[in-house]
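*Asks:* If you scroll down you'll find the structure; I have some questions about it.
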Amino acid sequence: MLLVTCPYCGARPEIEFHCGGEAHIARPETPSALSDADWAAYLFERSNPKGVHAERWRHLHGCGRWFNALRNTVSDTFLASYRMGEPRPDVSAPSDTSKAGAR
Amino acid sequence: MRRFSLTSLLSEAMNAHQGWPRQWRKPDPKPAYDAVIIGGGSHGLGAAYYLAKQHGLTNIAVLEKGWIGGGNSGRNTTIIRSNYLYDESAALYEHAVKLWEGLSEELNYNVMFSQRGVLMLAHNVHDVQSFKRHVYANRLNGIDNEWLTPEEAKAFCPPLNISPDIRYPVMGAALQRRGGTARHDAVVWGYARGADAMGVDIIENCEVTAIHRGPDGAVTGVDTTRGSIKTKKIGVSASGHTSMVMGLAGVRMPLESFPLQALVSEPVKPCFPCVLMSNAVHAYISQSDKGELVIGAGTDQYVSYSQQGGLHITTHTLDAICELFPQFTRMKMMRSWGGIVDVTPDRSPIIGKTPVKGLYVNCGWGTGGFKASPGSANVFAHTIARDEPHPINAPFTLDRFRTGRLIDEAAAAAVAH
């Protein structure tokens, strides 16, 4: 189980949280002006990276608030948590070899 | 290739089994192939086998970054069934089950396909209605599926606890008698051996690091950790890593990769006669021929390539198993593992062409790819060889996410599928 840091409440076990998928995907301002391909890209296409991933989390069984986090998807190590609306922090990816002991 | 037969087995038994040749070669990559398959799992090796067998393409290679069958082909619960709701899915998975039924003879390799029946439990009114709908839909599609009362389910699977005082009592079950299990490694090895005998090069420890495209956008070759290879056709069958491989060609995919866990118990004497699934309490279980209980858990909620999942996911499944089968509460669990599964938004696979000419993809099998191996490989080979999909995989395009013609098994199957 992951230890997730809520920017409002601090570090809590993962079962208090709901993961909301990839972050920083803005809903288009005028969907009706979009082509089908662009709308499909917004709805369905995901970067799904092997490395640093920006994702949304909600502290469901805590403060209830949404926030964003950066996590390395190879080691599951969290690199940063930040509030909604804040820009994505600039963190360099640590090495991918930290698999053991990542949890 | 030396065929397995009663006489060859007997003569080798006399010879202390010293005369068996290697089952497949270990060739170095050639500078060019007619087609290249990326991914040496059951889907990729199967596609190579059918390309050679049915379409005459023998100058092809399977590139595997690790060892063959070391990914999800070796990390699954080996359940096989075809009782899917929608016509498109039913046709695809039934195609696979029909191939499974003849696969050992086809490959001259015992894949240990055992049609012991797949029982899916209903625990609430919604389950009952949904499963009955599946039963009727399957029968209209000519697929066997029948409804059992709790007592009939107990008769079919005696270890089952149908007591009304468990937390989620069993209200009935859907049974597909033609469903069952197979030996996962044997499928990989059987396809590898068959493909190799027809001239297919199976190249292990060979990771693709770049996909090259010509001025017209069509693929021209790949760079690998074992050198460059020219080819006009690339079939991507890379499971959880499909997003990365497709990214090499500049294609963004509607996929997310999650860890899916499974675990096995210590081996015990035969005590469990069928495959049993429960979507509502999330458990699936069968007993391998070695005697281990093979138990499937769920996926984690976040994207990960760690090949390990949270302990609370497996605990949740074991809680359900212990409630349904109180006699297993003192069983020791021996191993657990996580595979990385690529999941599409509608929980149906993508098999077909891509926006890049010469690049084909077979992915998005999510939590249920093993059962489809022969069928998927068969129609994927057809798609690569003829540059157009087989009627069975025609609905499973990448383009369906643009047209909106989804095949929404996610809504139909609730949780596991």
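Residues are referred to by chain and number: the chain letter is A, B, ... according to the order shown in the structure tokens, the number counts from 1 in that chain, and ligands are numbered separately from 1 in the order shown.
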Would you kindly report the residues of chain B within 12 Å of chain A, using only C-alpha atoms, as JSON, numbers by chain?
*Replies:* {"B": [240, 241, 242, 243, 244, 245, 246, 247, 250, 251, 252, 253, 254, 255, 256, 257, 258, 259, 300, 301, 302, 303, 304, 305, 306, 307, 308, 309, 310, 311, 312, 313, 314, 315, 316, 340, 341, 342, 343, 344, 345, 346, 355, 398, 399, 400, 401, 402, 403, 404, 405, 406]}
*Asks:* Do you know which residues are at most 9 Å from Asn68 of chain A counting only C-alpha atoms, after dropping those on the same chain fewer than 4 positions away, and could you put them as a list in words?
*Replies:*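 Listed by chain and then number, they are Cys6, Pro7, Ala23, His24, Ala54, Glu55, Arg56, Trp57, Arg58, Ala80, Ser81, Tyr82, Arg83, Met84, Gly85, Glu86 and Arg88 of chain A.
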*Asks:* Can you spit out the residues from that selection as a compact mmCIF listing (two decimals), in the first residue's frame, using all heavy atoms?
*Replies:*
```txt
# COMPACT_ATOMS: atom_id res chain seq x y z
N CYS A 6 -1.17 14.07 1.38
CA CYS A 6 -2.18 15.07 1.05
C CYS A 6 -1.60 16.44 1.41
O CYS A 6 -1.10 16.61 2.52
CB CYS A 6 -3.46 14.79 1.83
SG CYS A 6 -4.66 16.13 1.79
N PRO A 7 -1.64 17.41 0.50
CA PRO A 7 -1.05 18.71 0.82
C PRO A 7 -1.76 19.43 1.96
O PRO A 7 -1.24 20.39 2.51
CB PRO A 7 -1.15 19.49 -0.49
CG PRO A 7 -1.88 18.67 -1.45
CD PRO A 7 -2.17 17.33 -0.86
N ALA A 23 -3.33 13.92 -14.52
CA ALA A 23 -3.64 15.31 -14.20
C ALA A 23 -3.33 16.23 -15.38
O ALA A 23 -2.73 15.80 -16.37
CB ALA A 23 -2.84 15.75 -12.98
N HIS A 24 -3.73 17.46 -15.24
CA HIS A 24 -3.44 18.52 -16.21
C HIS A 24 -4.03 18.26 -17.59
O HIS A 24 -3.45 18.62 -18.61
CB HIS A 24 -1.92 18.75 -16.34
CG HIS A 24 -1.26 19.05 -15.02
ND1 HIS A 24 -1.58 20.16 -14.25
CD2 HIS A 24 -0.33 18.37 -14.31
CE1 HIS A 24 -0.85 20.15 -13.14
NE2 HIS A 24 -0.10 19.07 -13.13
N ALA A 54 2.08 12.65 -13.63
CA ALA A 54 1.29 13.62 -12.86
C ALA A 54 -0.13 13.10 -12.79
O ALA A 54 -0.74 12.81 -13.83
CB ALA A 54 1.34 14.98 -13.54
N GLU A 55 -0.66 12.97 -11.59
CA GLU A 55 -1.98 12.37 -11.47
C GLU A 55 -2.79 13.07 -10.39
O GLU A 55 -2.26 13.72 -9.50
CB GLU A 55 -1.87 10.87 -11.16
CG GLU A 55 -1.08 10.57 -9.92
CD GLU A 55 -0.59 9.12 -9.85
OE1 GLU A 55 -0.71 8.41 -10.85
OE2 GLU A 55 -0.07 8.75 -8.79
N ARG A 56 -4.11 12.92 -10.50
CA ARG A 56 -5.02 13.53 -9.53
C ARG A 56 -5.34 12.52 -8.43
O ARG A 56 -5.54 11.33 -8.71
CB ARG A 56 -6.32 13.95 -10.22
CG ARG A 56 -6.12 14.89 -11.37
CD ARG A 56 -7.43 15.22 -12.03
NE ARG A 56 -8.10 14.03 -12.55
CZ ARG A 56 -9.30 14.03 -13.10
NH1 ARG A 56 -9.98 15.14 -13.21
NH2 ARG A 56 -9.83 12.91 -13.55
N TRP A 57 -5.38 12.99 -7.22
CA TRP A 57 -5.82 12.16 -6.11
C TRP A 57 -6.88 12.93 -5.33
O TRP A 57 -6.87 14.15 -5.30
CB TRP A 57 -4.65 11.82 -5.17
CG TRP A 57 -3.68 10.82 -5.74
CD1 TRP A 57 -2.64 11.09 -6.57
CD2 TRP A 57 -3.65 9.41 -5.49
NE1 TRP A 57 -1.95 9.93 -6.88
CE2 TRP A 57 -2.56 8.89 -6.23
CE3 TRP A 57 -4.42 8.53 -4.74
CZ2 TRP A 57 -2.23 7.53 -6.22
CZ3 TRP A 57 -4.10 7.18 -4.73
CH2 TRP A 57 -3.02 6.69 -5.47
N ARG A 58 -7.77 12.20 -4.69
CA ARG A 58 -8.74 12.83 -3.81
C ARG A 58 -8.65 12.17 -2.44
O ARG A 58 -8.67 10.94 -2.34
CB ARG A 58 -10.16 12.66 -4.37
CG ARG A 58 -11.17 13.42 -3.54
CD ARG A 58 -12.57 13.35 -4.12
NE ARG A 58 -13.47 13.99 -3.17
CZ ARG A 58 -14.65 13.50 -2.81
NH1 ARG A 58 -15.10 12.39 -3.35
NH2 ARG A 58 -15.38 14.13 -1.92
N ALA A 80 6.26 14.49 -5.45
CA ALA A 80 5.70 15.76 -4.99
C ALA A 80 4.19 15.65 -4.89
O ALA A 80 3.57 14.84 -5.59
CB ALA A 80 6.06 16.88 -5.96
N SER A 81 3.60 16.43 -3.97
CA SER A 81 2.15 16.62 -3.93
C SER A 81 1.91 18.12 -3.97
O SER A 81 2.62 18.87 -3.32
CB SER A 81 1.54 16.07 -2.64
OG SER A 81 1.71 14.71 -2.56
N TYR A 82 0.92 18.56 -4.72
CA TYR A 82 0.67 19.99 -4.81
C TYR A 82 -0.81 20.24 -5.03
O TYR A 82 -1.56 19.36 -5.48
CB TYR A 82 1.51 20.63 -5.91
CG TYR A 82 1.44 19.94 -7.27
CD1 TYR A 82 0.70 20.51 -8.30
CD2 TYR A 82 2.11 18.74 -7.51
CE1 TYR A 82 0.63 19.90 -9.54
CE2 TYR A 82 2.04 18.14 -8.74
CZ TYR A 82 1.31 18.70 -9.75
OH TYR A 82 1.23 18.09 -10.98
N ARG A 83 -1.23 21.45 -4.66
CA ARG A 83 -2.65 21.75 -4.68
C ARG A 83 -3.15 21.97 -6.10
O ARG A 83 -2.39 22.33 -6.99
CB ARG A 83 -2.93 22.99 -3.84
CG ARG A 83 -2.54 22.77 -2.40
CD ARG A 83 -2.81 23.97 -1.54
NE ARG A 83 -2.35 23.68 -0.17
CZ ARG A 83 -2.71 24.35 0.90
NH1 ARG A 83 -3.52 25.39 0.80
NH2 ARG A 83 -2.26 24.00 2.08
N MET A 84 -4.42 21.75 -6.29
CA MET A 84 -5.06 22.02 -7.58
C MET A 84 -4.81 23.47 -7.98
O MET A 84 -4.89 24.36 -7.15
CB MET A 84 -6.57 21.79 -7.48
CG MET A 84 -6.96 20.35 -7.54
SD MET A 84 -6.79 19.74 -9.21
CE MET A 84 -6.89 17.98 -8.93
N GLY A 85 -4.52 23.69 -9.24
CA GLY A 85 -4.29 25.04 -9.72
C GLY A 85 -2.84 25.44 -9.71
O GLY A 85 -2.44 26.35 -10.44
N GLU A 86 -2.05 24.77 -8.88
CA GLU A 86 -0.62 25.07 -8.88
C GLU A 86 0.05 24.40 -10.07
O GLU A 86 -0.39 23.33 -10.50
CB GLU A 86 0.03 24.58 -7.58
CG GLU A 86 -0.42 25.36 -6.35
CD GLU A 86 0.17 24.81 -5.04
OE1 GLU A 86 0.95 23.84 -5.11
OE2 GLU A 86 -0.18 25.34 -3.98
N ARG A 88 2.76 22.26 -12.30
CA ARG A 88 3.47 21.01 -12.05
C ARG A 88 4.90 21.32 -11.62
O ARG A 88 5.63 22.00 -12.34
CB ARG A 88 3.47 20.19 -13.34
CG ARG A 88 4.26 18.93 -13.27
CD ARG A 88 4.14 18.16 -14.57
NE ARG A 88 5.14 17.09 -14.59
CZ ARG A 88 5.01 15.96 -15.27
NH1 ARG A 88 3.94 15.77 -16.00
NH2 ARG A 88 5.95 15.04 -15.25
```
*Asks:* Please provide as a PyMOL selection string all residues within 9 Å of Val111 of chain B, with the sequence filter that same-chain residues fewer than 6 positions apart are discarded (counting only C-alpha atoms).
*Replies:* chain B and resi 100+103-104+182-187+190
*Asks:* Could you dump the residues just selected with all heavy atoms as an mmCIF file, in the first residue's frame?
*Replies:*
```
data_model
loop_
_atom_site.group_PDB
_atom_site.id
_atom_site.type_symbol
_atom_site.label_atom_id
_atom_site.label_comp_id
_atom_site.auth_asym_id
_atom_site.auth_seq_id
_atom_site.Cartn_x
_atom_site.Cartn_y
_atom_site.Cartn_z
ATOM 1 N N TRP B 100 -8.921 -23.078 -28.930
ATOM 2 C CA TRP B 100 -8.398 -23.785 -27.759
ATOM 3 C C TRP B 100 -8.746 -25.266 -27.829
ATOM 4 O O TRP B 100 -7.935 -26.126 -27.478
ATOM 5 C CB TRP B 100 -9.003 -23.227 -26.464
ATOM 6 C CG TRP B 100 -8.338 -22.001 -25.892
ATOM 7 C CD1 TRP B 100 -8.889 -20.763 -25.768
ATOM 8 C CD2 TRP B 100 -7.016 -21.899 -25.320
ATOM 9 N NE1 TRP B 100 -7.990 -19.904 -25.183
ATOM 10 C CE2 TRP B 100 -6.849 -20.580 -24.896
ATOM 11 C CE3 TRP B 100 -5.972 -22.813 -25.154
ATOM 12 C CZ2 TRP B 100 -5.674 -20.127 -24.302
ATOM 13 C CZ3 TRP B 100 -4.810 -22.370 -24.562
ATOM 14 C CH2 TRP B 100 -4.663 -21.043 -24.141
ATOM 15 N N LEU B 103 -6.277 -26.956 -29.972
ATOM 16 C CA LEU B 103 -4.928 -26.389 -29.999
ATOM 17 C C LEU B 103 -3.829 -27.420 -29.744
ATOM 18 O O LEU B 103 -2.777 -27.385 -30.374
ATOM 19 C CB LEU B 103 -4.824 -25.239 -28.986
ATOM 20 C CG LEU B 103 -3.655 -24.276 -29.200
ATOM 21 C CD1 LEU B 103 -3.748 -23.626 -30.573
ATOM 22 C CD2 LEU B 103 -3.624 -23.208 -28.123
ATOM 23 N N SER B 104 -4.071 -28.361 -28.831
ATOM 24 C CA SER B 104 -3.040 -29.358 -28.533
ATOM 25 C C SER B 104 -2.719 -30.189 -29.767
ATOM 26 O O SER B 104 -1.549 -30.458 -30.060
ATOM 27 C CB SER B 104 -3.481 -30.271 -27.385
ATOM 28 O OG SER B 104 -3.523 -29.545 -26.180
ATOM 29 N N ALA B 182 -6.024 -23.590 -18.966
ATOM 30 C CA ALA B 182 -4.974 -24.232 -19.769
ATOM 31 C C ALA B 182 -3.641 -23.915 -19.111
ATOM 32 O O ALA B 182 -3.552 -23.060 -18.238
ATOM 33 C CB ALA B 182 -4.992 -23.741 -21.207
ATOM 34 N N ARG B 183 -2.612 -24.603 -19.562
ATOM 35 C CA ARG B 183 -1.266 -24.384 -19.012
ATOM 36 C C ARG B 183 -0.647 -23.204 -19.754
ATOM 37 O O ARG B 183 -0.357 -23.305 -20.955
ATOM 38 C CB ARG B 183 -0.437 -25.645 -19.197
ATOM 39 C CG ARG B 183 1.017 -25.491 -18.849
ATOM 40 C CD ARG B 183 1.287 -25.951 -17.438
ATOM 41 N NE ARG B 183 2.722 -25.958 -17.193
ATOM 42 C CZ ARG B 183 3.378 -24.970 -16.577
ATOM 43 N NH1 ARG B 183 2.726 -23.941 -16.118
ATOM 44 N NH2 ARG B 183 4.679 -25.052 -16.397
ATOM 45 N N HIS B 184 -0.418 -22.106 -19.030
ATOM 46 C CA HIS B 184 -0.012 -20.870 -19.704
ATOM 47 C C HIS B 184 1.329 -21.004 -20.417
ATOM 48 O O HIS B 184 1.479 -20.578 -21.566
ATOM 49 C CB HIS B 184 0.017 -19.712 -18.706
ATOM 50 C CG HIS B 184 0.778 -20.001 -17.447
ATOM 51 N ND1 HIS B 184 2.064 -19.596 -17.284
ATOM 52 C CD2 HIS B 184 0.440 -20.660 -16.320
ATOM 53 C CE1 HIS B 184 2.479 -19.987 -16.096
ATOM 54 N NE2 HIS B 184 1.520 -20.629 -15.491
ATOM 55 N N ASP B 185 2.334 -21.614 -19.762
ATOM 56 C CA ASP B 185 3.647 -21.743 -20.399
ATOM 57 C C ASP B 185 3.579 -22.624 -21.641
ATOM 58 O O ASP B 185 4.250 -22.359 -22.637
ATOM 59 C CB ASP B 185 4.657 -22.350 -19.424
ATOM 60 C CG ASP B 185 5.030 -21.391 -18.317
ATOM 61 O OD1 ASP B 185 5.027 -20.171 -18.575
ATOM 62 O OD2 ASP B 185 5.307 -21.850 -17.195
ATOM 63 N N ALA B 186 2.743 -23.660 -21.579
ATOM 64 C CA ALA B 186 2.667 -24.591 -22.706
ATOM 65 C C ALA B 186 2.151 -23.890 -23.958
ATOM 66 O O ALA B 186 2.566 -24.222 -25.076
ATOM 67 C CB ALA B 186 1.774 -25.776 -22.353
ATOM 68 N N VAL B 187 1.269 -22.937 -23.789
ATOM 69 C CA VAL B 187 0.740 -22.208 -24.940
ATOM 70 C C VAL B 187 1.866 -21.430 -25.604
ATOM 71 O O VAL B 187 2.036 -21.454 -26.830
ATOM 72 C CB VAL B 187 -0.386 -21.248 -24.501
ATOM 73 C CG1 VAL B 187 -0.980 -20.557 -25.705
ATOM 74 C CG2 VAL B 187 -1.447 -21.996 -23.722
ATOM 75 N N GLY B 190 4.386 -23.953 -27.085
ATOM 76 C CA GLY B 190 3.810 -24.645 -28.239
ATOM 77 C C GLY B 190 3.814 -23.759 -29.479
ATOM 78 O O GLY B 190 4.192 -24.190 -30.569
#
```
*Asks:* If you run DSSP on the backbone here, which positions in chain A get strand (DSSP E or B)? Please write them as a ChimeraX atom specification.
*Replies:* /A:3-6,10-13,18-22,52-58,66-72,78-83
*Asks:* What would the file look like if the residues just selected were written as a CSV table (one decimal), in the first residue's frame with N, CA and C atoms?
*Replies:*
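So out31.csv came out as:
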```csv
chain,number,residue,atom,x,y,z
A,3,LEU,N,2.0,5.2,0.6
A,3,LEU,CA,1.8,6.3,1.6
A,3,LEU,C,1.7,7.6,0.7
A,4,VAL,N,0.5,8.1,0.8
A,4,VAL,CA,0.2,9.3,-0.1
A,4,VAL,C,0.2,10.5,0.8
A,5,THR,N,0.8,11.6,0.3
A,5,THR,CA,0.9,12.8,1.1
A,5,THR,C,-0.2,13.8,0.5
A,6,CYS,N,-1.2,14.1,1.4
A,6,CYS,CA,-2.2,15.1,1.0
A,6,CYS,C,-1.6,16.4,1.4
A,10,GLY,N,-1.3,15.9,5.2
A,10,GLY,CA,-0.1,15.1,5.5
A,10,GLY,C,-0.2,13.7,4.9
A,11,ALA,N,0.8,12.9,5.3
A,11,ALA,CA,0.9,11.5,4.8
A,11,ALA,C,-0.1,10.6,5.4
A,12,ARG,N,-0.8,9.9,4.6
A,12,ARG,CA,-1.9,9.0,5.0
A,12,ARG,C,-1.8,7.7,4.1
A,13,PRO,N,-2.3,6.6,4.7
A,13,PRO,CA,-2.3,5.4,3.8
A,13,PRO,C,-3.2,5.5,2.6
A,18,HIS,N,-8.7,8.2,-3.3
A,18,HIS,CA,-9.1,7.7,-4.6
A,18,HIS,C,-8.2,8.4,-5.7
A,19,CYS,N,-7.7,7.6,-6.6
A,19,CYS,CA,-6.9,8.1,-7.6
A,19,CYS,C,-7.8,8.5,-8.8
A,20,GLY,N,-7.6,9.7,-9.3
A,20,GLY,CA,-8.4,10.2,-10.4
A,20,GLY,C,-7.8,10.2,-11.7
A,21,GLY,N,-6.7,9.5,-11.9
A,21,GLY,CA,-6.1,9.4,-13.2
A,21,GLY,C,-5.2,10.6,-13.5
A,22,GLU,N,-4.8,10.6,-14.8
A,22,GLU,CA,-3.8,11.6,-15.2
A,22,GLU,C,-4.3,13.1,-15.0
A,52,VAL,N,7.9,9.4,-14.7
A,52,VAL,CA,7.2,10.3,-13.8
A,52,VAL,C,5.8,10.6,-14.4
A,53,HIS,N,4.8,10.5,-13.5
A,53,HIS,CA,3.4,10.6,-13.9
A,53,HIS,C,2.7,11.7,-13.0
A,54,ALA,N,2.1,12.6,-13.6
A,54,ALA,CA,1.3,13.6,-12.9
A,54,ALA,C,-0.1,13.1,-12.8
A,55,GLU,N,-0.7,13.0,-11.6
A,55,GLU,CA,-2.0,12.4,-11.5
A,55,GLU,C,-2.8,13.1,-10.4
A,56,ARG,N,-4.1,12.9,-10.5
A,56,ARG,CA,-5.0,13.5,-9.5
A,56,ARG,C,-5.3,12.5,-8.4
A,57,TRP,N,-5.4,13.0,-7.2
A,57,TRP,CA,-5.8,12.2,-6.1
A,57,TRP,C,-6.9,12.9,-5.3
A,58,ARG,N,-7.8,12.2,-4.7
A,58,ARG,CA,-8.7,12.8,-3.8
A,58,ARG,C,-8.6,12.2,-2.4
A,66,TRP,N,-9.4,17.4,-3.6
A,66,TRP,CA,-8.6,17.0,-4.7
A,66,TRP,C,-7.2,17.6,-4.7
A,67,PHE,N,-6.2,16.9,-5.1
A,67,PHE,CA,-4.9,17.5,-5.3
A,67,PHE,C,-4.2,16.8,-6.4
A,68,ASN,N,-3.0,17.3,-6.8
A,68,ASN,CA,-2.2,16.6,-7.8
A,68,ASN,C,-0.9,16.0,-7.1
A,69,ALA,N,-0.4,15.0,-7.8
A,69,ALA,CA,0.9,14.4,-7.2
A,69,ALA,C,1.7,13.9,-8.4
A,70,LEU,N,3.0,13.9,-8.2
A,70,LEU,CA,3.9,13.3,-9.2
A,70,LEU,C,4.4,12.1,-8.6
A,71,ARG,N,4.4,11.0,-9.4
A,71,ARG,CA,4.8,9.7,-8.9
A,71,ARG,C,5.6,9.0,-10.0
A,72,ASN,N,6.7,8.3,-9.6
A,72,ASN,CA,7.4,7.5,-10.6
A,72,ASN,C,6.7,6.1,-10.7
A,78,PHE,N,6.5,8.6,-4.6
A,78,PHE,CA,6.0,9.9,-4.8
A,78,PHE,C,7.1,10.9,-4.8
A,79,LEU,N,7.0,11.9,-5.7
A,79,LEU,CA,8.1,12.9,-5.9
A,79,LEU,C,7.6,14.3,-5.3
A,80,ALA,N,6.3,14.5,-5.4
A,80,ALA,CA,5.7,15.8,-5.0
A,80,ALA,C,4.2,15.6,-4.9
A,81,SER,N,3.6,16.4,-4.0
A,81,SER,CA,2.1,16.6,-3.9
A,81,SER,C,1.9,18.1,-4.0
A,82,TYR,N,0.9,18.6,-4.7
A,82,TYR,CA,0.7,20.0,-4.8
A,82,TYR,C,-0.8,20.2,-5.0
A,83,ARG,N,-1.2,21.5,-4.7
A,83,ARG,CA,-2.6,21.7,-4.7
A,83,ARG,C,-3.1,22.0,-6.1
```
*Asks:* Between A:Val91, A:Ile25, A:Ala33, A:Cys9, single out the one closest to Cys63 of chain A, counting only C-alpha atoms.
*Replies:*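 Once distances to Cys63 of chain A are computed over only C-alpha atoms, the minimum belongs to A:Cys9.
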*Asks:* Which is closest to Leu60 of chain A among A:Glu16, A:Thr77, A:Ala26, A:Leu34, if we use only C-alpha atoms?
*Replies:* A:Glu16
*Asks:* Report as an mmCIF file with N, CA and C atoms, in the first residue's frame all protein, DNA and RNA residues lying within 12 Å of Lys132 of chain B, evaluated on only C-alpha atoms, omitting residues in the same chain fewer than 6 positions from it.
*Replies:*
```cif
data_model
loop_
_atom_site.group_PDB
_atom_site.id
_atom_site.type_symbol
_atom_site.label_atom_id
_atom_site.label_comp_id
_atom_site.auth_asym_id
_atom_site.auth_seq_id
_atom_site.Cartn_x
_atom_site.Cartn_y
_atom_site.Cartn_z
ATOM 1 N N ASN B 83 -18.252 -16.264 -22.381
ATOM 2 C CA ASN B 83 -19.626 -15.818 -22.083
ATOM 3 C C ASN B 83 -19.712 -14.298 -21.951
ATOM 4 N N LEU B 85 -21.114 -10.468 -23.116
ATOM 5 C CA LEU B 85 -22.462 -10.007 -23.434
ATOM 6 C C LEU B 85 -22.630 -9.603 -24.897
ATOM 7 N N MET B 120 -19.933 -18.508 -12.498
ATOM 8 C CA MET B 120 -19.899 -17.104 -12.072
ATOM 9 C C MET B 120 -21.045 -16.854 -11.095
ATOM 10 N N LEU B 121 -20.692 -16.462 -9.879
ATOM 11 C CA LEU B 121 -21.686 -16.357 -8.812
ATOM 12 C C LEU B 121 -22.427 -15.026 -8.835
ATOM 13 N N ALA B 122 -23.723 -15.095 -8.531
ATOM 14 C CA ALA B 122 -24.542 -13.892 -8.367
ATOM 15 C C ALA B 122 -24.851 -13.718 -6.882
ATOM 16 N N VAL B 125 -29.547 -8.901 -6.500
ATOM 17 C CA VAL B 125 -30.582 -8.932 -7.545
ATOM 18 C C VAL B 125 -30.013 -8.449 -8.877
ATOM 19 N N HIS B 126 -29.161 -7.442 -8.801
ATOM 20 C CA HIS B 126 -28.576 -6.925 -10.045
ATOM 21 C C HIS B 126 -27.732 -7.998 -10.745
ATOM 22 N N ASN B 138 -25.865 -15.022 -24.711
ATOM 23 C CA ASN B 138 -24.901 -16.032 -25.152
ATOM 24 C C ASN B 138 -25.598 -17.115 -25.966
ATOM 25 N N ARG B 139 -26.775 -17.545 -25.491
ATOM 26 C CA ARG B 139 -27.471 -18.615 -26.214
ATOM 27 C C ARG B 139 -27.871 -18.154 -27.603
ATOM 28 N N ASN B 145 -24.166 -21.376 -22.030
ATOM 29 C CA ASN B 145 -24.165 -20.699 -20.739
ATOM 30 C C ASN B 145 -25.511 -21.035 -20.118
ATOM 31 N N GLU B 146 -25.516 -21.391 -18.857
ATOM 32 C CA GLU B 146 -26.786 -21.772 -18.253
ATOM 33 C C GLU B 146 -26.895 -21.215 -16.849
ATOM 34 N N TRP B 147 -28.133 -21.090 -16.397
ATOM 35 C CA TRP B 147 -28.397 -20.522 -15.086
ATOM 36 C C TRP B 147 -28.587 -21.656 -14.065
ATOM 37 N N LEU B 148 -27.911 -21.555 -12.916
ATOM 38 C CA LEU B 148 -28.033 -22.554 -11.867
ATOM 39 C C LEU B 148 -28.595 -21.911 -10.598
ATOM 40 N N THR B 149 -29.430 -22.661 -9.884
ATOM 41 C CA THR B 149 -29.846 -22.220 -8.556
ATOM 42 C C THR B 149 -28.662 -22.420 -7.606
ATOM 43 N N MET B 171 -26.940 -16.215 -4.679
ATOM 44 C CA MET B 171 -28.335 -16.238 -5.133
ATOM 45 C C MET B 171 -28.505 -17.032 -6.413
ATOM 46 N N GLY B 172 -27.428 -17.554 -6.924
ATOM 47 C CA GLY B 172 -27.479 -18.324 -8.165
ATOM 48 C C GLY B 172 -26.148 -18.193 -8.865
ATOM 49 N N ALA B 173 -26.047 -18.816 -10.035
ATOM 50 C CA ALA B 173 -24.774 -18.755 -10.750
ATOM 51 C C ALA B 173 -24.998 -19.028 -12.224
ATOM 52 N N ALA B 174 -24.126 -18.449 -13.037
ATOM 53 C CA ALA B 174 -24.113 -18.757 -14.461
ATOM 54 C C ALA B 174 -22.947 -19.710 -14.709
ATOM 55 N N LEU B 175 -23.215 -20.759 -15.495
ATOM 56 C CA LEU B 175 -22.190 -21.779 -15.728
ATOM 57 C C LEU B 175 -21.920 -21.929 -17.221
#
```
*Asks:* If you measure from atom CA of Trp24 of chain B to atom CA of Val62 of chain B, what distance in Å do you get, rounded to one decimal?
*Replies:*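 Computing the Euclidean distance for atom CA of Trp24 of chain B and atom CA of Val62 of chain B yields 12.5 Å.
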